[in-house]
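Report on the structure given below.
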Amino acid sequence: MSFPAPTRRDHAGFCGVEGWRLVRSATGKRSTHHKTYELELPSGAILRTRVSRPPDRTIYGDALWGYILRDQLHVSVKEFWRCAQDGITPDRGARSVSTESIPADLLYLLKNRVGLPETRLREMTRQEAVERIQQYWISGE
């Protein structure tokens with residue numbers, strides 16, 4: 001499968017579709033030479049990429065394009081174009097969000113009164129947390 005020559009506009013468009021955040025300089029101003037974008041991954045890692053201004057139809061060379069894909073965007077050519085052209089974002093291993101979270105005050109009691117370690121608390125469902133605090137109140141252990 002062949003893809004079009006990558007441009008600055010494609011690069012900036014990819015960042016927009018995937019939800020990368022535009023970063024300001026340390027002084028709070030925007031850079032005059034590049035647009036710098038950041039994306040926080042579910043793992044906690046932060047990716048950064050820079051798009052030269054203006055984000056026009058200037059074509060990237062093969063070596064620079066390979067570097068951008070591999071070291072900055074962490075995607076394959078196919079994933080890039082699926083996002084830039086079709087709006088299909090790359091699979092970044094999104095965290096699953098529990099629909100039944102444990103209330104903060106219950107977590108506090110389980111940790112500080114019952115003495116459960118945080119690793120165990122992260123594994124518990126809401127129902128297990130309620131049952132465990134009830135057991136503590138009834139039997140004291």
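Chain identifiers are assigned as A, B, and so on, following the order in which chains appear in the structure tokens; residues are numbered from 1 within each chain, and ligands are numbered from 1 in order of appearance.
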Apply DSSP to the backbone of this structure and, from chain A, keep only the residues in strand (DSSP E or B); write these as an mmCIF file with N, CA and C atoms, in the first residue's frame.
data_model
loop_
_atom_site.group_PDB
_atom_site.id
_atom_site.type_symbol
_atom_site.label_atom_id
_atom_site.label_comp_id
_atom_site.auth_asym_id
_atom_site.auth_seq_id
_atom_site.Cartn_x
_atom_site.Cartn_y
_atom_site.Cartn_z
ATOM 1 N N THR A 7 3.492 15.693 4.867
ATOM 2 C CA THR A 7 3.736 17.131 4.947
ATOM 3 C C THR A 7 3.585 17.608 6.391
ATOM 4 N N ARG A 21 -1.790 18.006 22.877
ATOM 5 C CA ARG A 21 -1.938 19.337 23.465
ATOM 6 C C ARG A 21 -0.794 20.227 22.990
ATOM 7 N N LEU A 22 -1.130 21.438 22.528
ATOM 8 C CA LEU A 22 -0.124 22.401 22.096
ATOM 9 C C LEU A 22 0.567 22.957 23.336
ATOM 10 N N VAL A 23 1.896 22.932 23.349
ATOM 11 C CA VAL A 23 2.685 23.345 24.509
ATOM 12 C C VAL A 23 3.241 24.740 24.272
ATOM 13 N N HIS A 34 8.581 26.542 15.747
ATOM 14 C CA HIS A 34 7.926 25.240 15.766
ATOM 15 C C HIS A 34 6.659 25.281 16.607
ATOM 16 N N LYS A 35 5.754 24.384 16.300
ATOM 17 C CA LYS A 35 4.632 24.091 17.181
ATOM 18 C C LYS A 35 5.021 22.817 17.908
ATOM 19 N N THR A 36 5.006 22.841 19.222
ATOM 20 C CA THR A 36 5.365 21.666 20.011
ATOM 21 C C THR A 36 4.099 21.098 20.623
ATOM 22 N N TYR A 37 3.896 19.802 20.452
ATOM 23 C CA TYR A 37 2.714 19.111 20.956
ATOM 24 C C TYR A 37 3.131 18.032 21.950
ATOM 25 N N GLU A 38 2.260 17.752 22.922
ATOM 26 C CA GLU A 38 2.468 16.673 23.889
ATOM 27 C C GLU A 38 1.236 15.783 23.933
ATOM 28 N N LEU A 39 1.475 14.504 24.210
ATOM 29 C CA LEU A 39 0.393 13.539 24.397
ATOM 30 C C LEU A 39 0.764 12.654 25.568
ATOM 31 N N GLU A 40 -0.101 12.616 26.587
ATOM 32 C CA GLU A 40 0.140 11.719 27.719
ATOM 33 C C GLU A 40 -0.506 10.378 27.417
ATOM 34 N N ILE A 46 4.985 10.525 28.393
ATOM 35 C CA ILE A 46 4.564 11.699 27.636
ATOM 36 C C ILE A 46 5.361 11.751 26.347
ATOM 37 N N LEU A 47 4.642 11.809 25.225
ATOM 38 C CA LEU A 47 5.268 11.934 23.917
ATOM 39 C C LEU A 47 5.296 13.414 23.534
ATOM 40 N N ARG A 48 6.357 13.819 22.832
ATOM 41 C CA ARG A 48 6.465 15.190 22.332
ATOM 42 C C ARG A 48 6.844 15.148 20.863
ATOM 43 N N THR A 49 6.267 16.052 20.110
ATOM 44 C CA THR A 49 6.617 16.191 18.704
ATOM 45 C C THR A 49 6.600 17.663 18.337
ATOM 46 N N ARG A 50 7.389 18.004 17.335
ATOM 47 C CA ARG A 50 7.477 19.394 16.891
ATOM 48 C C ARG A 50 7.174 19.474 15.405
ATOM 49 N N VAL A 51 6.352 20.459 15.062
ATOM 50 C CA VAL A 51 6.007 20.711 13.663
ATOM 51 C C VAL A 51 6.547 22.087 13.309
ATOM 52 N N SER A 52 7.400 22.151 12.291
ATOM 53 C CA SER A 52 7.963 23.435 11.876
ATOM 54 C C SER A 52 6.858 24.358 11.390
ATOM 55 N N ILE A 59 7.165 19.009 2.293
ATOM 56 C CA ILE A 59 7.291 17.559 2.427
ATOM 57 C C ILE A 59 8.495 17.203 3.288
#
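Using only C-alpha atoms for every distance, the candidate list A:Val114, A:Leu109, A:Leu121, A:Val17 yields A:Val114 as the residue closest to Ser139 of chain A.
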Using only C-alpha atoms, which residues sit within 12 Å of Asp91 of chain A once same-chain residues fewer than 4 positions away are excluded, as a ChimeraX atom specification? /A:18,41-42,74-76,79-80,82-83,95
So which residues touch Arg120 of chain A within 12 Å, counting only C-alpha atoms, skipping near sequence neighbours fewer than 3 positions away, as a PyMOL selection string? chain A and resi 107+110-111+114-117+123-125+128-129+132
Please dump the current selection as a JSON list (two decimals), in the first residue's frame; keep C-alpha atoms.
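What ended up in out.json:
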[["chain", "number", "residue", "atom", "x", "y", "z"],
["A", 107, "LEU", "CA", -10.71, 3.70, 50.41],
["A", 110, "LEU", "CA", -9.78, 0.39, 54.21],
["A", 111, "LYS", "CA", -6.26, 1.74, 54.04],
["A", 114, "VAL", "CA", -8.28, -1.96, 58.18],
["A", 115, "GLY", "CA", -4.66, -1.67, 57.02],
["A", 116, "LEU", "CA", -5.02, -2.96, 53.47],
["A", 117, "PRO", "CA", -2.13, -2.16, 51.12],
["A", 123, "GLU", "CA", -7.61, -4.78, 42.64],
["A", 124, "MET", "CA", -10.87, -4.60, 44.61],
["A", 125, "THR", "CA", -14.30, -4.05, 43.14],
["A", 128, "GLU", "CA", -15.58, -6.34, 47.63],
["A", 129, "ALA", "CA", -14.64, -3.07, 49.33],
["A", 132, "ARG", "CA", -14.51, -5.95, 53.56]]
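Separating atom CA of Ala84 of chain A from atom CA of Asp10 of chain A is a distance of 6.3 Å.
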Give the helix (DSSP H, G or I) residues of segment 99-139 of chain A, as DSSP finds them on the backbone, and put them as a PyMOL selection string. chain A and resi 104-114+118-123+126-139
